[in-house]
Amino acid sequence: MNSETSIKQHLFSPALAKIFMIFMMTILMFHQAQSQMGIENLPFGSGCDPLTYNRFTGSYHSNLYIGNQVGSNVLLAWGQNMLTYTTGVTGNITAPVFVATSSYAGIPYEVRSSSTGGGSGQSVMGLRTSSKLYIFGDATNISSITSMPNFGGTSLPVAKSDVTSLLPTGVTNADVAQFAISPTSIAIVTNSGHVYMLTKVVNMQGDKAAAGPAIWHHVILSNGNFLSGVVKFSLSNSGAFALTSTGKIYYWGSPANVSGSANTATSYNYAYDMSTQIPIGVSVVDIVTIGASSKPNTLFLLCNDMKVYSCGLNTLGILGLGFGSTTYNQPTFQPLNSLSNIVRIDGNTEAGLYTMGAMSSSGHVFGWGDGVSSMLGIAAQSSFTTTYTNISPVDIYGVGGFSDFSISGHFTIAFFTNLSLNIDQYWYVGHNIGGSIGIPSNTTPVISNAVTAKLNAPATISFDCSNTQPTINLTGTFSPFSACAGLVTSTQVISVFALNLTNDLIVSAPAGFEISLLPGTGFANALTLSGTGGTLTTTNIYVRVSAGTAGLLTGNLTFSSTGATTQNVPLNATINSLPTIASVIGASRTGPGSVIISGTVNPAIGTTIDWFVNPTGGSALLAGSLSYTTGVIAGTTTYFAEARNTTTGCISNSRTPVIATINGTLFGGSIGSNQSYCIGQKLDTLQSLVLASGGTGSIIYKWQKSTDNSNFVDITGAIDSFYFPIPPTQTTYYRRMASTIADGAIASNTITIVVNPKPVANF
């Protein structure tokens, strides 16, 4: 008789056993085909991922369970003091019953608990719903964790149990991805993987700070940066263990073998990166830390080779390596070679117990370490007062087919789905007190042989995850955007995928930004994404800054869907103003050659000019100069100046024309006309027959005279285009000189005024 058959013969009729056998063979065949794919692809019988959703918590003898009833999550409770904890009326609950929805708000998503042990079963319990976080239970135990005022109540309905308003500054309930409770600490992991600790134990704070028992502590790395990206988290009485999305592992708290050497002296009040201790060739998929108050911690890894690795002290045989010495200290992670195909690990240090468990892909549950009260399925270990050291893993139930399990305070519970009734049931072994087994008729103090119980209080309950919280997952970050006024920026990209959606995923961009599913087109302020069957496969979202005016832009890129935790990704951008050409200075010359043109800019500092021959487009003739010397040009040419900020790269929104003028050769013109006169007669004005022309710049005239038609001298004050001559006393030659600031003087034609002698009278 194989193990898969045996559980069904205990539980169901022969006909149902046959159905179950076919079901299990299908699972096993699937596993053989997929065993190399890693834990995320293994066929959990419930369809849920127990590594992500903490739907059951067993604390000493007190139990909370999140089940699914007709598509909605419901909260069940049973065990010692659970009537007290869930209603405020003193007492136990001997069979799983619904917790009144009036006692809490929102949809139950996660339950966690812990206990310091003791005959009265004191526990601290936690419930995270879609809208609230509740901490409730034994007041003494809560006060041993923190002295924060009004944090936690004696029962779930008590107002102080709602600690949502007492979360770390800046953290809302929607930001909480998971939480954990130990007798000494409460930890919160946010959606971005940051960890906050509430504790009276300094080393558990994880922030290098002095003791602060009434405040949350934000866990940091050795360099002072915040730990982030945490996806798996384990908390003991004296240590914390974290796994990040990048595959790194971090530890803080009491001594542990974090650096590959035995350590029982050095504690860590910051997240110590011990990723170099991950065994070569594997990656980590789950973690557990085991440690009593102020004691060194033993650490466990579940890796993608589906093996369990352990390192640390062998307290109560907890290493599981078959070594009898409880003081043996293993410095590095070594595999438990007796275990294979493991998909789930769990551990417990409540009430000083050091117990570990593992579940295989075929649903077998193994345990080792402390075996008090037959909790490891060994009937001979039935004493409650004797500690039994199990140095190697034992198959607790001897059968497979379980979908989830928990090592709890003094008992082990393993769940499976009754395919016929479509409800969750469980097998229970260990200490039974206060109704912890969940069967009112069974008051046997120690359950040494597994007993079947069911979660049907009073209606059918299943482990169906159809009401599991929708999740939105992002990959990628943004660098600050930089844009020039009036222009869009280049795009940056972030990826999103989502699970368990009940409605469309809405992506919204803040003012000044725009988004698209394509890198170069289709940009808008918002996108609506629809998944298939509640799943949105990885989708790229392209983000850019839209054309706008100068200034600073900030805001969040928001991903939201009904029931999901809204994801906000900060965006910021600097929109730089455009420089301008303040003025331009053209230039001119006479005849072919080069000229120098220039311009001024605004702002004057940090701005330059690039010179072009075209009003738009083309390559710069010269970049980065306030002036430009042309090549040799034969005719008047228009160039274009473009202002550029040398820091931001922003350019003026248009180019300004600058003219380089090429003028013709300076021509002196002509004057007239020759005269002949006698002294004492009136002279005619010397006229400008043709004005001077050409040349570069304004034309300046100057008249000259000569008595020998060779040596000419300037005539004082004669600077018009015409000239009223002063009568000469002898024949004189006249010419007009024309010049510019750029051209030398050019002479007109020469005219002559002949002076005739006076006639002489001969008598």
# chains A, B, ... in the order shown; residues from 1 in each chain; ligands from 1
call {"tool": "residues_around", "arguments": {"residues": "region 441-456 of chain A", "least_positions_apart": "2", "cutoff": "7 Å", "atoms": "only C-alpha atoms", "output": "PDB file with N, CA and C atoms, in the first residue's frame"}}
result
ATOM      1  N   PRO A  96     -13.763  24.872  14.577  1.00  0.00           N
ATOM      2  CA  PRO A  96     -13.625  26.081  13.758  1.00  0.00           C
ATOM      3  C   PRO A  96     -14.958  26.782  13.550  1.00  0.00           C
ATOM      4  N   SER A 373       5.391  16.074  22.609  1.00  0.00           N
ATOM      5  CA  SER A 373       3.959  15.741  22.494  1.00  0.00           C
ATOM      6  C   SER A 373       3.577  15.131  21.155  1.00  0.00           C
ATOM      7  N   SER A 374       4.443  14.279  20.623  1.00  0.00           N
ATOM      8  CA  SER A 374       4.172  13.558  19.372  1.00  0.00           C
ATOM      9  C   SER A 374       3.926  14.490  18.192  1.00  0.00           C
ATOM     10  N   GLY A 377       4.732  13.230  14.917  1.00  0.00           N
ATOM     11  CA  GLY A 377       4.079  12.000  14.498  1.00  0.00           C
ATOM     12  C   GLY A 377       4.650  10.747  15.100  1.00  0.00           C
ATOM     13  N   ILE A 378       5.507  10.886  16.078  1.00  0.00           N
ATOM     14  CA  ILE A 378       6.109   9.715  16.726  1.00  0.00           C
ATOM     15  C   ILE A 378       5.375   9.454  18.033  1.00  0.00           C
ATOM     16  N   ALA A 379       4.629   8.357  18.079  1.00  0.00           N
ATOM     17  CA  ALA A 379       3.760   8.074  19.222  1.00  0.00           C
ATOM     18  C   ALA A 379       4.543   7.965  20.523  1.00  0.00           C
ATOM     19  N   SER A 382       5.241  11.106  23.312  1.00  0.00           N
ATOM     20  CA  SER A 382       3.954  11.675  23.708  1.00  0.00           C
ATOM     21  C   SER A 382       4.023  12.579  24.932  1.00  0.00           C
ATOM     22  N   TYR A 397       3.373  12.227   8.889  1.00  0.00           N
ATOM     23  CA  TYR A 397       2.091  11.538   8.726  1.00  0.00           C
ATOM     24  C   TYR A 397       2.215  10.204   8.007  1.00  0.00           C
ATOM     25  N   ASP A 424     -11.632  22.172   2.640  1.00  0.00           N
ATOM     26  CA  ASP A 424     -10.337  21.925   3.253  1.00  0.00           C
ATOM     27  C   ASP A 424     -10.518  21.078   4.502  1.00  0.00           C
ATOM     28  N   GLN A 425      -9.635  20.130   4.651  1.00  0.00           N
ATOM     29  CA  GLN A 425      -9.545  19.360   5.889  1.00  0.00           C
ATOM     30  C   GLN A 425      -8.083  19.349   6.320  1.00  0.00           C
ATOM     31  N   TYR A 426      -7.833  18.848   7.496  1.00  0.00           N
ATOM     32  CA  TYR A 426      -6.455  18.809   7.967  1.00  0.00           C
ATOM     33  C   TYR A 426      -6.237  17.612   8.877  1.00  0.00           C
ATOM     34  N   TRP A 427      -4.966  17.216   8.934  1.00  0.00           N
ATOM     35  CA  TRP A 427      -4.544  16.214   9.904  1.00  0.00           C
ATOM     36  C   TRP A 427      -3.791  16.935  11.004  1.00  0.00           C
ATOM     37  N   TYR A 428      -4.002  16.484  12.227  1.00  0.00           N
ATOM     38  CA  TYR A 428      -3.469  17.159  13.411  1.00  0.00           C
ATOM     39  C   TYR A 428      -2.744  16.143  14.263  1.00  0.00           C
ATOM     40  N   VAL A 429      -1.507  16.491  14.681  1.00  0.00           N
ATOM     41  CA  VAL A 429      -0.776  15.695  15.671  1.00  0.00           C
ATOM     42  C   VAL A 429      -0.137  16.646  16.673  1.00  0.00           C
ATOM     43  N   GLY A 430      -0.039  16.218  17.919  1.00  0.00           N
ATOM     44  CA  GLY A 430       0.617  17.017  18.935  1.00  0.00           C
ATOM     45  C   GLY A 430      -0.266  17.290  20.125  1.00  0.00           C
ATOM     46  N   HIS A 431       0.087  18.309  20.871  1.00  0.00           N
ATOM     47  CA  HIS A 431      -0.621  18.663  22.091  1.00  0.00           C
ATOM     48  C   HIS A 431      -1.995  19.238  21.760  1.00  0.00           C
ATOM     49  N   ASN A 432      -3.023  18.705  22.410  1.00  0.00           N
ATOM     50  CA  ASN A 432      -4.403  19.141  22.177  1.00  0.00           C
ATOM     51  C   ASN A 432      -4.958  19.699  23.473  1.00  0.00           C
ATOM     52  N   ILE A 433      -5.156  21.013  23.492  1.00  0.00           N
ATOM     53  CA  ILE A 433      -5.696  21.649  24.692  1.00  0.00           C
ATOM     54  C   ILE A 433      -6.512  22.867  24.272  1.00  0.00           C
ATOM     55  N   GLY A 438      -9.717  21.244  17.131  1.00  0.00           N
ATOM     56  CA  GLY A 438     -10.890  21.643  16.362  1.00  0.00           C
ATOM     57  C   GLY A 438     -11.984  20.611  16.304  1.00  0.00           C
ATOM     58  N   ILE A 439     -11.919  19.585  17.167  1.00  0.00           N
ATOM     59  CA  ILE A 439     -12.960  18.553  17.238  1.00  0.00           C
ATOM     60  C   ILE A 439     -13.463  18.519  18.679  1.00  0.00           C
ATOM     61  N   PRO A 458     -20.113  26.891   9.752  1.00  0.00           N
ATOM     62  CA  PRO A 458     -20.862  25.639   9.578  1.00  0.00           C
ATOM     63  C   PRO A 458     -20.979  25.228   8.120  1.00  0.00           C
ATOM     64  N   ALA A 459     -20.550  26.112   7.156  1.00  0.00           N
ATOM     65  CA  ALA A 459     -20.757  25.797   5.742  1.00  0.00           C
ATOM     66  C   ALA A 459     -19.458  25.355   5.089  1.00  0.00           C
ATOM     67  N   THR A 460     -19.558  24.899   3.867  1.00  0.00           N
ATOM     68  CA  THR A 460     -18.399  24.393   3.142  1.00  0.00           C
ATOM     69  C   THR A 460     -17.345  25.487   2.963  1.00  0.00           C
ATOM     70  N   ILE A 461     -16.123  25.162   3.340  1.00  0.00           N
ATOM     71  CA  ILE A 461     -14.999  26.092   3.214  1.00  0.00           C
ATOM     72  C   ILE A 461     -13.930  25.430   2.359  1.00  0.00           C
TER      73      ILE A 461
END
call {"tool": "closest_atom_pairs", "arguments": {"of": "region 480-585 of chain A", "to": "region 129-148 of chain A", "cutoff": "12 Å", "atoms": "only C-alpha atoms", "output": "JSON lines"}}
result
{"residue": "A:Thr562", "atom": "CA", "partner": "A:Ser130", "partner_atom": "CA", "distance": 10.9}
{"residue": "A:Gly563", "atom": "CA", "partner": "A:Ser130", "partner_atom": "CA", "distance": 7.3}
{"residue": "A:Ala564", "atom": "CA", "partner": "A:Ser130", "partner_atom": "CA", "distance": 8.4}
{"residue": "A:Thr565", "atom": "CA", "partner": "A:Ser130", "partner_atom": "CA", "distance": 8.5}
{"residue": "A:Thr566", "atom": "CA", "partner": "A:Ser130", "partner_atom": "CA", "distance": 11.7}
call {"tool": "residues_around", "arguments": {"residues": "region 739-750 of chain A", "least_positions_apart": "5", "cutoff": "10 Å", "atoms": "only C-alpha atoms", "output": "PyMOL selection string"}}
result
chain A and resi 588-590+665-674+688+690-706+709+733-734
call {"tool": "write_last_selection", "arguments": {"atoms": "N, CA and C atoms", "output": "compact mmCIF listing (two decimals), in the first residue's frame"}}
result
# COMPACT_ATOMS: atom_id res chain seq x y z
N SER A 588 29.68 93.62 -43.93
CA SER A 588 29.74 93.79 -45.38
C SER A 588 31.17 94.12 -45.79
N ARG A 589 31.41 93.92 -47.06
CA ARG A 589 32.72 94.25 -47.63
C ARG A 589 32.54 94.53 -49.11
N THR A 590 33.60 95.10 -49.68
CA THR A 590 33.60 95.39 -51.11
C THR A 590 34.32 94.27 -51.84
N THR A 665 32.60 97.30 -56.53
CA THR A 665 33.77 98.17 -56.40
C THR A 665 33.33 99.64 -56.34
N LEU A 666 33.99 100.39 -55.51
CA LEU A 666 33.65 101.81 -55.37
C LEU A 666 33.97 102.57 -56.67
N PHE A 667 32.97 103.32 -57.19
CA PHE A 667 33.10 104.12 -58.42
C PHE A 667 33.00 105.59 -58.04
N GLY A 668 33.96 106.38 -58.49
CA GLY A 668 34.06 107.76 -58.04
C GLY A 668 33.03 108.71 -58.63
N GLY A 669 32.33 108.32 -59.70
CA GLY A 669 31.36 109.21 -60.33
C GLY A 669 32.04 110.25 -61.22
N SER A 670 31.27 111.22 -61.67
CA SER A 670 31.84 112.25 -62.56
C SER A 670 31.30 113.62 -62.21
N ILE A 671 32.11 114.67 -62.58
CA ILE A 671 31.76 116.05 -62.29
C ILE A 671 31.89 116.89 -63.56
N GLY A 672 31.37 118.07 -63.52
CA GLY A 672 31.48 118.94 -64.68
C GLY A 672 31.29 120.41 -64.28
N SER A 673 31.60 121.32 -65.09
CA SER A 673 32.33 121.10 -66.33
C SER A 673 33.48 122.13 -66.38
N ASN A 674 34.34 122.04 -67.42
CA ASN A 674 35.45 122.99 -67.55
C ASN A 674 34.90 124.40 -67.73
N SER A 688 27.85 117.72 -59.73
CA SER A 688 28.03 116.26 -59.74
C SER A 688 27.20 115.73 -60.88
N VAL A 690 27.51 112.53 -62.08
CA VAL A 690 27.17 111.17 -61.65
C VAL A 690 27.72 110.98 -60.25
N LEU A 691 26.82 110.62 -59.30
CA LEU A 691 27.27 110.39 -57.93
C LEU A 691 28.18 109.17 -57.86
N ALA A 692 29.02 109.16 -56.84
CA ALA A 692 29.84 107.97 -56.58
C ALA A 692 28.93 106.81 -56.17
N SER A 693 29.36 105.59 -56.41
CA SER A 693 28.54 104.41 -56.06
C SER A 693 29.44 103.22 -55.76
N GLY A 694 28.75 102.13 -55.21
CA GLY A 694 29.49 100.94 -54.85
C GLY A 694 30.20 101.11 -53.53
N GLY A 695 31.11 100.22 -53.29
CA GLY A 695 31.85 100.27 -52.04
C GLY A 695 31.04 99.81 -50.85
N THR A 696 31.64 99.86 -49.71
CA THR A 696 31.02 99.36 -48.48
C THR A 696 30.93 100.46 -47.46
N GLY A 697 29.71 100.82 -47.11
CA GLY A 697 29.51 101.86 -46.14
C GLY A 697 29.10 103.16 -46.80
N SER A 698 28.88 104.19 -45.99
CA SER A 698 28.48 105.50 -46.48
C SER A 698 29.62 106.15 -47.25
N ILE A 699 29.24 106.85 -48.35
CA ILE A 699 30.25 107.48 -49.20
C ILE A 699 30.53 108.88 -48.67
N ILE A 700 31.80 109.17 -48.54
CA ILE A 700 32.27 110.48 -48.08
C ILE A 700 32.96 111.19 -49.26
N TYR A 701 32.59 112.48 -49.46
CA TYR A 701 33.18 113.25 -50.57
C TYR A 701 34.21 114.24 -50.02
N LYS A 702 35.18 114.46 -50.83
CA LYS A 702 36.19 115.49 -50.52
C LYS A 702 36.76 116.03 -51.85
N TRP A 703 36.70 117.41 -51.99
CA TRP A 703 37.20 118.03 -53.21
C TRP A 703 38.67 118.40 -53.05
N GLN A 704 39.37 118.24 -54.19
CA GLN A 704 40.79 118.58 -54.23
C GLN A 704 41.06 119.50 -55.45
N LYS A 705 42.19 120.23 -55.33
CA LYS A 705 42.58 121.10 -56.45
C LYS A 705 44.10 121.01 -56.66
N SER A 706 44.50 121.44 -57.83
CA SER A 706 45.94 121.39 -58.17
C SER A 706 46.21 122.45 -59.24
N ASN A 709 47.98 119.87 -62.11
CA ASN A 709 47.27 118.63 -62.48
C ASN A 709 48.02 117.38 -62.06
N TYR A 733 43.13 122.96 -61.57
CA TYR A 733 42.50 121.66 -61.89
C TYR A 733 41.73 121.18 -60.64
N TYR A 734 40.52 120.61 -60.86
CA TYR A 734 39.66 120.18 -59.74
C TYR A 734 39.22 118.71 -59.95
call {"tool": "residues_around", "arguments": {"residues": "Ile188 (chain A)", "least_positions_apart": "5", "cutoff": "9 Å", "atoms": "only C-alpha atoms", "output": "list in words"}}
result
Leu167, Val176, Ala177, Gln178, Phe179, Ala180, His194, Val195, Tyr196, Met197 and Leu198 of chain A
call {"tool": "write_last_selection", "arguments": {"atoms": "N, CA and C atoms", "output": "JSON list (two decimals), in the first residue's frame"}}
result
[["chain", "number", "residue", "atom", "x", "y", "z"],
["A", 167, "LEU", "N", 0.74, 52.64, 11.98],
["A", 167, "LEU", "CA", 1.77, 52.12, 11.09],
["A", 167, "LEU", "C", 2.91, 53.14, 10.97],
["A", 176, "VAL", "N", 1.26, 47.70, 2.81],
["A", 176, "VAL", "CA", 1.75, 46.52, 3.52],
["A", 176, "VAL", "C", 1.59, 45.29, 2.63],
["A", 177, "ALA", "N", 2.70, 44.58, 2.38],
["A", 177, "ALA", "CA", 2.66, 43.36, 1.58],
["A", 177, "ALA", "C", 2.58, 42.12, 2.46],
["A", 178, "GLN", "N", 3.23, 42.14, 3.62],
["A", 178, "GLN", "CA", 3.19, 41.02, 4.55],
["A", 178, "GLN", "C", 3.66, 41.51, 5.92],
["A", 179, "PHE", "N", 3.36, 40.74, 6.94],
["A", 179, "PHE", "CA", 3.86, 41.10, 8.27],
["A", 179, "PHE", "C", 4.17, 39.82, 9.03],
["A", 180, "ALA", "N", 4.84, 39.96, 10.14],
["A", 180, "ALA", "CA", 5.25, 38.80, 10.94],
["A", 180, "ALA", "C", 5.24, 39.19, 12.42],
["A", 194, "HIS", "N", 10.56, 47.31, 1.71],
["A", 194, "HIS", "CA", 11.19, 47.90, 2.89],
["A", 194, "HIS", "C", 10.65, 47.20, 4.14],
["A", 195, "VAL", "N", 11.48, 47.12, 5.18],
["A", 195, "VAL", "CA", 11.10, 46.41, 6.39],
["A", 195, "VAL", "C", 11.12, 47.37, 7.58],
["A", 196, "TYR", "N", 10.06, 47.32, 8.36],
["A", 196, "TYR", "CA", 9.95, 48.13, 9.58],
["A", 196, "TYR", "C", 9.77, 47.19, 10.77],
["A", 197, "MET", "N", 10.48, 47.49, 11.87],
["A", 197, "MET", "CA", 10.46, 46.65, 13.05],
["A", 197, "MET", "C", 9.91, 47.42, 14.25],
["A", 198, "LEU", "N", 9.04, 46.74, 15.01],
["A", 198, "LEU", "CA", 8.54, 47.26, 16.28],
["A", 198, "LEU", "C", 8.97, 46.27, 17.34]]
call {"tool": "residues_around", "arguments": {"residues": "Glu110 (chain A)", "least_positions_apart": "4", "cutoff": "6 Å", "atoms": "only C-alpha atoms", "output": "CSV table (one decimal) with N, CA and C atoms, in the first residue's frame"}}
result
chain,number,residue,atom,x,y,z
A,54,ASN,N,-0.2,34.0,3.7
A,54,ASN,CA,-0.2,33.3,5.0
A,54,ASN,C,-1.7,33.2,5.4
A,55,ARG,N,-2.3,32.1,5.1
A,55,ARG,CA,-3.8,32.0,5.3
A,55,ARG,C,-4.1,31.2,6.6
A,127,LEU,N,-4.1,40.2,12.1
A,127,LEU,CA,-5.0,40.0,10.9
A,127,LEU,C,-4.8,41.2,10.0
A,128,ARG,N,-4.4,40.9,8.8
A,128,ARG,CA,-4.3,42.0,7.7
A,128,ARG,C,-5.5,41.8,6.8
call {"tool": "residues_around", "arguments": {"residues": "Thr630 (chain A)", "least_positions_apart": "6", "cutoff": "7 Å", "atoms": "only C-alpha atoms", "output": "ChimeraX atom specification"}}
result
/A:594-596
call {"tool": "write_last_selection", "arguments": {"atoms": "C-alpha atoms", "output": "compact mmCIF listing (two decimals), in the first residue's frame"}}
result
# COMPACT_ATOMS: atom_id res chain seq x y z
CA SER A 594 35.34 86.77 -45.98
CA VAL A 595 33.50 88.79 -43.38
CA ILE A 596 32.85 88.40 -39.64
call {"tool": "select_by_dssp", "arguments": {"residues": "region 283-349 of chain A", "states": "strand (DSSP E)", "output": "PyMOL selection string"}}
result
chain A and resi 284-290+298-303+308-313+329-335+342-348
call {"tool": "write_last_selection", "arguments": {"atoms": "N, CA and C atoms", "output": "mmCIF file, in the first residue's frame"}}
result
data_model
loop_
_atom_site.group_PDB
_atom_site.id
_atom_site.type_symbol
_atom_site.label_atom_id
_atom_site.label_comp_id
_atom_site.auth_asym_id
_atom_site.auth_seq_id
_atom_site.Cartn_x
_atom_site.Cartn_y
_atom_site.Cartn_z
ATOM 1 N N VAL A 284 17.941 31.059 -3.985
ATOM 2 C CA VAL A 284 17.083 30.863 -2.815
ATOM 3 C C VAL A 284 15.643 31.202 -3.168
ATOM 4 N N VAL A 285 14.700 30.351 -2.721
ATOM 5 C CA VAL A 285 13.282 30.622 -2.953
ATOM 6 C C VAL A 285 12.501 30.799 -1.656
ATOM 7 N N ASP A 286 13.050 30.344 -0.512
ATOM 8 C CA ASP A 286 12.378 30.579 0.759
ATOM 9 C C ASP A 286 13.391 30.485 1.885
ATOM 10 N N ILE A 287 13.036 31.057 3.051
ATOM 11 C CA ILE A 287 13.961 31.155 4.173
ATOM 12 C C ILE A 287 13.215 30.939 5.485
ATOM 13 N N VAL A 288 13.939 30.477 6.507
ATOM 14 C CA VAL A 288 13.412 30.355 7.871
ATOM 15 C C VAL A 288 14.560 30.627 8.831
ATOM 16 N N THR A 289 14.271 31.369 9.901
ATOM 17 C CA THR A 289 15.240 31.527 10.978
ATOM 18 C C THR A 289 14.637 31.007 12.275
ATOM 19 N N ILE A 290 15.455 30.291 13.033
ATOM 20 C CA ILE A 290 15.033 29.672 14.290
ATOM 21 C C ILE A 290 15.927 30.203 15.405
ATOM 22 N N THR A 298 19.636 29.742 14.092
ATOM 23 C CA THR A 298 19.945 28.758 13.065
ATOM 24 C C THR A 298 19.125 29.118 11.829
ATOM 25 N N LEU A 299 19.784 29.098 10.660
ATOM 26 C CA LEU A 299 19.169 29.600 9.438
ATOM 27 C C LEU A 299 18.946 28.466 8.434
ATOM 28 N N PHE A 300 17.866 28.583 7.674
ATOM 29 C CA PHE A 300 17.511 27.571 6.688
ATOM 30 C C PHE A 300 17.183 28.238 5.352
ATOM 31 N N LEU A 301 17.601 27.578 4.280
ATOM 32 C CA LEU A 301 17.284 28.005 2.926
ATOM 33 C C LEU A 301 16.562 26.881 2.200
ATOM 34 N N LEU A 302 15.565 27.241 1.407
ATOM 35 C CA LEU A 302 15.010 26.338 0.410
ATOM 36 C C LEU A 302 15.426 26.897 -0.935
ATOM 37 N N CYS A 303 16.119 26.075 -1.717
ATOM 38 C CA CYS A 303 16.684 26.572 -2.968
ATOM 39 C C CYS A 303 15.998 25.948 -4.177
ATOM 40 N N VAL A 308 16.824 21.554 1.033
ATOM 41 C CA VAL A 308 16.873 22.408 2.216
ATOM 42 C C VAL A 308 18.319 22.477 2.688
ATOM 43 N N TYR A 309 18.777 23.688 3.001
ATOM 44 C CA TYR A 309 20.134 23.910 3.496
ATOM 45 C C TYR A 309 20.050 24.551 4.872
ATOM 46 N N SER A 310 20.977 24.184 5.764
ATOM 47 C CA SER A 310 20.960 24.733 7.119
ATOM 48 C C SER A 310 22.354 25.151 7.541
ATOM 49 N N CYS A 311 22.399 26.153 8.446
ATOM 50 C CA CYS A 311 23.658 26.514 9.074
ATOM 51 C C CYS A 311 23.367 27.093 10.452
ATOM 52 N N GLY A 312 24.319 26.953 11.381
ATOM 53 C CA GLY A 312 24.138 27.478 12.728
ATOM 54 C C GLY A 312 24.252 26.395 13.784
ATOM 55 N N LEU A 313 23.818 26.718 15.008
ATOM 56 C CA LEU A 313 23.871 25.773 16.123
ATOM 57 C C LEU A 313 22.866 24.641 15.929
ATOM 58 N N ASN A 329 28.149 23.449 15.852
ATOM 59 C CA ASN A 329 27.880 24.705 15.140
ATOM 60 C C ASN A 329 28.390 24.588 13.708
ATOM 61 N N GLN A 330 27.467 24.547 12.770
ATOM 62 C CA GLN A 330 27.817 24.404 11.354
ATOM 63 C C GLN A 330 27.977 25.786 10.740
ATOM 64 N N PRO A 331 29.166 26.159 10.270
ATOM 65 C CA PRO A 331 29.418 27.549 9.858
ATOM 66 C C PRO A 331 28.790 27.935 8.520
ATOM 67 N N THR A 332 28.586 26.969 7.622
ATOM 68 C CA THR A 332 28.067 27.293 6.297
ATOM 69 C C THR A 332 26.823 26.469 6.004
ATOM 70 N N PHE A 333 26.090 26.886 4.985
ATOM 71 C CA PHE A 333 24.887 26.165 4.597
ATOM 72 C C PHE A 333 25.254 24.829 3.955
ATOM 73 N N GLN A 334 24.687 23.774 4.522
ATOM 74 C CA GLN A 334 24.893 22.435 3.988
ATOM 75 C C GLN A 334 23.535 21.793 3.724
ATOM 76 N N PRO A 335 23.435 20.965 2.667
ATOM 77 C CA PRO A 335 22.131 20.386 2.330
ATOM 78 C C PRO A 335 21.730 19.266 3.286
ATOM 79 N N ILE A 342 11.614 19.326 -2.262
ATOM 80 C CA ILE A 342 10.922 20.111 -1.233
ATOM 81 C C ILE A 342 10.380 21.401 -1.853
ATOM 82 N N VAL A 343 9.130 21.717 -1.504
ATOM 83 C CA VAL A 343 8.492 22.907 -2.061
ATOM 84 C C VAL A 343 8.074 23.906 -0.992
ATOM 85 N N ARG A 344 8.216 23.540 0.287
ATOM 86 C CA ARG A 344 7.715 24.411 1.363
ATOM 87 C C ARG A 344 8.483 24.106 2.628
ATOM 88 N N ILE A 345 8.921 25.142 3.360
ATOM 89 C CA ILE A 345 9.548 24.950 4.664
ATOM 90 C C ILE A 345 8.867 25.847 5.685
ATOM 91 N N ASP A 346 8.893 25.419 6.948
ATOM 92 C CA ASP A 346 8.290 26.186 8.021
ATOM 93 C C ASP A 346 9.026 25.832 9.307
ATOM 94 N N GLY A 347 9.100 26.771 10.240
ATOM 95 C CA GLY A 347 9.781 26.515 11.496
ATOM 96 C C GLY A 347 9.096 27.197 12.653
ATOM 97 N N ASN A 348 9.505 26.851 13.860
ATOM 98 C CA ASN A 348 8.846 27.385 15.040
ATOM 99 C C ASN A 348 9.823 27.469 16.207
#
call {"tool": "residues_around", "arguments": {"residues": "Gly551 (chain A)", "least_positions_apart": "5", "cutoff": "9 Å", "atoms": "only C-alpha atoms", "output": "short mmCIF file (atom, residue, chain, number, x, y, z; two decimals) with C-alpha atoms, in the first residue's frame"}}
result
data_model
loop_
_atom_site.label_atom_id
_atom_site.label_comp_id
_atom_site.auth_asym_id
_atom_site.auth_seq_id
_atom_site.Cartn_x
_atom_site.Cartn_y
_atom_site.Cartn_z
CA ALA A 485 10.31 73.99 -23.03
CA ALA A 573 11.37 66.37 -14.46
CA THR A 574 13.07 69.67 -15.08
CA ILE A 575 11.66 71.69 -17.98
CA ASN A 576 14.38 74.09 -19.07
CA SER A 577 13.68 77.47 -20.66
#
call {"tool": "closest_residue", "arguments": {"among": "A:Asn473, A:Asn556, A:Thr169, A:Ser103", "to": "Ser245 (chain A)", "atoms": "only C-alpha atoms"}}
result
A:Asn473
call {"tool": "closest_residue", "arguments": {"among": "A:Phe411, A:Thr199, A:Gln381, A:Ser161", "to": "Ala211 (chain A)", "atoms": "only C-alpha atoms"}}
result
A:Thr199
